[in-house]
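A.B. asks: Below is the structure I would like to discuss, written out as structure tokens.
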Amino acid sequence: MSAVAADDEETWNEFRKLVNMTAGDLEKWLETDESRSAGQHKDGGESTGHASGRRIVELLRTKRADLTEDDHAHMRKVVGYINRHLAQRPSGDVTDTRWRHSLMNWGHDPLADADG
């Protein structure tokens with residue numbers, strides 16, 4: 001296996017592990033006001049995470065064999081973001097926090113994890 005193929009394999013595995021929302025669940029979430037208000041907005045437009053969420057829905061619906069290098073690059077971005085954001089978990093109940101909402105825009109619901 002080439003280094004690129006090995007990297008893509010690792011990216012795929014990490015992406016599938018961290019993105020714990022289904023395409024349908026993520027799509028429904030992205031339609032909510034909470035989703036639209038979370039994250040960083042440039043010039044009052046769509047947040048980076050919200051746009052990423054739309055791309056993640058597409059990735060989840062794409063056959064693995066059909067993924068492009070651009071797709072793998074975005075998957076690496078998603079993995080990096082989720083890992084960084086998880087490390088910043090606030091104390092207390094995170095159920096209705098911007099922290100959780102931002103993560104959910106990136107396809108990860110921290111409350112779906114066994115450790116909550």
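Lettering and numbering for the structure tokens are positional, with chains as A, B, ... in the shown order, residues counted from 1 in each chain, and ligands counted from 1 in the shown order.
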Excluding region 29-40 of chain A and its own-chain neighbours fewer than 3 positions away, which residues fall within 8 Å of it when counting only C-alpha atoms? Please give them as a PDB file with N, CA and C atoms, in the first residue's frame.
C.D. replies:
ATOM      1  N   ASP A  25     -29.463  12.477  10.162  1.00  0.00           N
ATOM      2  CA  ASP A  25     -29.502  13.220  11.426  1.00  0.00           C
ATOM      3  C   ASP A  25     -28.766  14.547  11.307  1.00  0.00           C
ATOM      4  N   LEU A  26     -27.614  14.528  10.639  1.00  0.00           N
ATOM      5  CA  LEU A  26     -26.843  15.753  10.459  1.00  0.00           C
ATOM      6  C   LEU A  26     -27.609  16.748   9.590  1.00  0.00           C
ATOM      7  N   GLU A  46     -22.920  32.173   6.367  1.00  0.00           N
ATOM      8  CA  GLU A  46     -22.924  30.834   6.941  1.00  0.00           C
ATOM      9  C   GLU A  46     -21.622  30.573   7.702  1.00  0.00           C
ATOM     10  N   SER A  47     -21.725  29.914   8.852  1.00  0.00           N
ATOM     11  CA  SER A  47     -20.526  29.605   9.622  1.00  0.00           C
ATOM     12  C   SER A  47     -19.695  28.534   8.911  1.00  0.00           C
ATOM     13  N   THR A  48     -18.423  28.510   9.235  1.00  0.00           N
ATOM     14  CA  THR A  48     -17.507  27.520   8.665  1.00  0.00           C
ATOM     15  C   THR A  48     -17.996  26.110   8.979  1.00  0.00           C
ATOM     16  N   GLY A  49     -18.410  25.889  10.226  1.00  0.00           N
ATOM     17  CA  GLY A  49     -18.869  24.562  10.637  1.00  0.00           C
ATOM     18  C   GLY A  49     -20.144  24.144   9.934  1.00  0.00           C
ATOM     19  N   HIS A  50     -21.052  25.097   9.729  1.00  0.00           N
ATOM     20  CA  HIS A  50     -22.316  24.775   9.044  1.00  0.00           C
ATOM     21  C   HIS A  50     -22.038  24.355   7.608  1.00  0.00           C
ATOM     22  N   GLY A  53     -20.588  20.977   7.661  1.00  0.00           N
ATOM     23  CA  GLY A  53     -21.628  19.973   7.900  1.00  0.00           C
ATOM     24  C   GLY A  53     -22.330  19.553   6.619  1.00  0.00           C
ATOM     25  N   ARG A  54     -22.610  20.530   5.760  1.00  0.00           N
ATOM     26  CA  ARG A  54     -23.246  20.192   4.475  1.00  0.00           C
ATOM     27  C   ARG A  54     -22.318  19.300   3.650  1.00  0.00           C
ATOM     28  N   ARG A  98     -23.116  26.049  23.056  1.00  0.00           N
ATOM     29  CA  ARG A  98     -22.564  26.352  21.734  1.00  0.00           C
ATOM     30  C   ARG A  98     -21.438  25.371  21.408  1.00  0.00           C
ATOM     31  N   HIS A 101     -23.131  22.324  20.057  1.00  0.00           N
ATOM     32  CA  HIS A 101     -23.763  22.669  18.775  1.00  0.00           C
ATOM     33  C   HIS A 101     -22.719  22.805  17.668  1.00  0.00           C
ATOM     34  N   SER A 102     -21.584  23.405  17.996  1.00  0.00           N
ATOM     35  CA  SER A 102     -20.515  23.548  17.017  1.00  0.00           C
ATOM     36  C   SER A 102     -19.991  22.170  16.590  1.00  0.00           C
ATOM     37  N   MET A 104     -21.602  19.381  16.685  1.00  0.00           N
ATOM     38  CA  MET A 104     -22.643  18.707  15.907  1.00  0.00           C
ATOM     39  C   MET A 104     -22.657  19.195  14.461  1.00  0.00           C
ATOM     40  N   ASN A 105     -22.327  20.478  14.239  1.00  0.00           N
ATOM     41  CA  ASN A 105     -22.224  20.971  12.859  1.00  0.00           C
ATOM     42  C   ASN A 105     -21.160  20.207  12.092  1.00  0.00           C
TER      43      ASN A 105
END
A.B. asks: Got a sec: who's within 7 Å of region 79-87 of chain A, counting only C-alpha atoms, leaving out chain neighbours fewer than 4 positions off, as a list in words?
C.D. replies: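 Contacts, with the query itself left out: Glu14, Phe15, Leu18, Met75 and Leu103 of chain A.
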A.B. asks: Show me, as a list in words, the residues that have an atom within 10 Å of Leu67 (chain A) when counting only C-alpha atoms, minus same-chain residues fewer than 5 positions from it.
C.D. replies: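 Non-adjacent residues within range: Asp8, Trp12, Leu59, Thr62 and His72 of chain A.
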A.B. asks: For the residues in that selection, give me N, CA, C and O atoms as an mmCIF file, in the first residue's frame.
C.D. replies:
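The result, stored in selection_12.cif:
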data_model
loop_
_atom_site.group_PDB
_atom_site.id
_atom_site.type_symbol
_atom_site.label_atom_id
_atom_site.label_comp_id
_atom_site.auth_asym_id
_atom_site.auth_seq_id
_atom_site.Cartn_x
_atom_site.Cartn_y
_atom_site.Cartn_z
ATOM 1 N N ASP A 8 -4.937 7.810 3.476
ATOM 2 C CA ASP A 8 -6.367 7.860 3.183
ATOM 3 C C ASP A 8 -7.128 6.830 4.018
ATOM 4 O O ASP A 8 -8.234 7.110 4.489
ATOM 5 N N TRP A 12 -9.961 7.797 6.658
ATOM 6 C CA TRP A 12 -11.286 7.177 6.579
ATOM 7 C C TRP A 12 -11.688 6.611 7.937
ATOM 8 O O TRP A 12 -12.790 6.859 8.428
ATOM 9 N N LEU A 59 -20.221 13.637 1.998
ATOM 10 C CA LEU A 59 -19.190 12.608 2.169
ATOM 11 C C LEU A 59 -19.786 11.310 2.710
ATOM 12 O O LEU A 59 -19.413 10.225 2.275
ATOM 13 N N THR A 62 -21.332 9.353 -0.008
ATOM 14 C CA THR A 62 -20.457 8.993 -1.123
ATOM 15 C C THR A 62 -19.836 7.623 -0.872
ATOM 16 O O THR A 62 -19.386 7.343 0.235
ATOM 17 N N HIS A 72 -10.820 13.558 0.850
ATOM 18 C CA HIS A 72 -9.928 13.107 1.930
ATOM 19 C C HIS A 72 -9.334 14.303 2.679
ATOM 20 O O HIS A 72 -9.192 14.267 3.903
#
A.B. asks: Just asking: which residues within region 12-73 of chain A are helix (DSSP H, G or I) according to DSSP, as an MDAnalysis selection string?
C.D. replies: chainID A and resid 12:18 23:30 33:37 48:60 64:66 69:73
A.B. asks: Mind pulling up the distance from CA of Thr95 (chain A) to CA of Arg16 (chain A)?
C.D. replies: 22.7 Å
A.B. asks: I'd like the interatomic distance between CA of Gly107 (chain A) and CA of Thr22 (chain A), to a tenth of an Å.
C.D. replies: 7.9 Å
A.B. asks: Between A:Val78, A:Gly92, A:Asp43, A:Glu58, which has the minimum distance to Lys17 (chain A) (counting only C-alpha atoms)?
C.D. replies: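 When distances to Lys17 (chain A) are compared using only C-alpha atoms, the smallest one comes from A:Val78.
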A.B. asks: Pick out the residues sitting within 8 Å of Asp109 (chain A), and hand them over as a PyMOL selection string; count only C-alpha atoms, and ignore anything fewer than 3 positions along from it in its own chain.
C.D. replies: chain A and resi 20-21+100+103-104+112-113
A.B. asks: Could you write out that same residue set with all heavy atoms as a PDB file, in the first residue's frame?
C.D. replies:
ATOM      1  N   ASN A  20     -20.126  10.739  14.305  1.00  0.00           N
ATOM      2  CA  ASN A  20     -21.049   9.740  14.852  1.00  0.00           C
ATOM      3  C   ASN A  20     -22.517  10.061  14.577  1.00  0.00           C
ATOM      4  O   ASN A  20     -23.399   9.433  15.130  1.00  0.00           O
ATOM      5  CB  ASN A  20     -20.794   9.559  16.357  1.00  0.00           C
ATOM      6  CG  ASN A  20     -21.042  10.817  17.173  1.00  0.00           C
ATOM      7  OD1 ASN A  20     -21.475  11.833  16.655  1.00  0.00           O
ATOM      8  ND2 ASN A  20     -20.765  10.742  18.456  1.00  0.00           N
ATOM      9  N   MET A  21     -22.765  11.027  13.721  1.00  0.00           N
ATOM     10  CA  MET A  21     -24.124  11.337  13.296  1.00  0.00           C
ATOM     11  C   MET A  21     -24.331  10.774  11.892  1.00  0.00           C
ATOM     12  O   MET A  21     -23.411  10.780  11.081  1.00  0.00           O
ATOM     13  CB  MET A  21     -24.352  12.852  13.295  1.00  0.00           C
ATOM     14  CG  MET A  21     -24.246  13.477  14.683  1.00  0.00           C
ATOM     15  SD  MET A  21     -24.315  15.290  14.656  1.00  0.00           S
ATOM     16  CE  MET A  21     -26.054  15.557  14.288  1.00  0.00           C
ATOM     17  N   ARG A 100     -21.250  22.122  22.135  1.00  0.00           N
ATOM     18  CA  ARG A 100     -21.864  20.916  21.554  1.00  0.00           C
ATOM     19  C   ARG A 100     -22.449  21.214  20.180  1.00  0.00           C
ATOM     20  O   ARG A 100     -22.272  20.444  19.235  1.00  0.00           O
ATOM     21  CB  ARG A 100     -22.957  20.378  22.472  1.00  0.00           C
ATOM     22  CG  ARG A 100     -23.666  19.165  21.874  1.00  0.00           C
ATOM     23  CD  ARG A 100     -24.762  18.648  22.770  1.00  0.00           C
ATOM     24  NE  ARG A 100     -25.424  17.510  22.145  1.00  0.00           N
ATOM     25  CZ  ARG A 100     -26.738  17.347  22.136  1.00  0.00           C
ATOM     26  NH1 ARG A 100     -27.532  18.223  22.739  1.00  0.00           N
ATOM     27  NH2 ARG A 100     -27.259  16.297  21.535  1.00  0.00           N
ATOM     28  N   LEU A 103     -19.772  21.300  17.566  1.00  0.00           N
ATOM     29  CA  LEU A 103     -19.317  19.938  17.234  1.00  0.00           C
ATOM     30  C   LEU A 103     -20.335  19.206  16.371  1.00  0.00           C
ATOM     31  O   LEU A 103     -19.974  18.487  15.433  1.00  0.00           O
ATOM     32  CB  LEU A 103     -19.076  19.125  18.516  1.00  0.00           C
ATOM     33  CG  LEU A 103     -17.685  19.166  19.102  1.00  0.00           C
ATOM     34  CD1 LEU A 103     -17.670  18.479  20.462  1.00  0.00           C
ATOM     35  CD2 LEU A 103     -16.672  18.517  18.175  1.00  0.00           C
ATOM     36  N   MET A 104     -21.602  19.381  16.685  1.00  0.00           N
ATOM     37  CA  MET A 104     -22.643  18.707  15.907  1.00  0.00           C
ATOM     38  C   MET A 104     -22.657  19.195  14.461  1.00  0.00           C
ATOM     39  O   MET A 104     -22.945  18.422  13.547  1.00  0.00           O
ATOM     40  CB  MET A 104     -24.007  18.875  16.574  1.00  0.00           C
ATOM     41  CG  MET A 104     -24.121  18.072  17.859  1.00  0.00           C
ATOM     42  SD  MET A 104     -25.652  18.369  18.766  1.00  0.00           S
ATOM     43  CE  MET A 104     -26.860  17.638  17.641  1.00  0.00           C
ATOM     44  N   ALA A 112     -23.545  11.424  22.299  1.00  0.00           N
ATOM     45  CA  ALA A 112     -23.760  10.088  21.748  1.00  0.00           C
ATOM     46  C   ALA A 112     -22.631   9.131  22.187  1.00  0.00           C
ATOM     47  O   ALA A 112     -22.764   7.929  22.060  1.00  0.00           O
ATOM     48  CB  ALA A 112     -23.820  10.132  20.219  1.00  0.00           C
ATOM     49  N   ASP A 113     -21.535   9.700  22.706  1.00  0.00           N
ATOM     50  CA  ASP A 113     -20.429   8.872  23.183  1.00  0.00           C
ATOM     51  C   ASP A 113     -20.814   8.169  24.470  1.00  0.00           C
ATOM     52  O   ASP A 113     -21.570   8.713  25.286  1.00  0.00           O
ATOM     53  CB  ASP A 113     -19.180   9.733  23.449  1.00  0.00           C
ATOM     54  CG  ASP A 113     -18.594  10.284  22.167  1.00  0.00           C
ATOM     55  OD1 ASP A 113     -18.932   9.778  21.084  1.00  0.00           O
ATOM     56  OD2 ASP A 113     -17.782  11.223  22.261  1.00  0.00           O
TER      57      ASP A 113
END
A.B. asks: Just the number, please: distance in Å from CA of Lys42 (chain A) to CA of Glu69 (chain A), one decimal.
C.D. replies: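 Here the two named atoms are 26.2 Å from each other.
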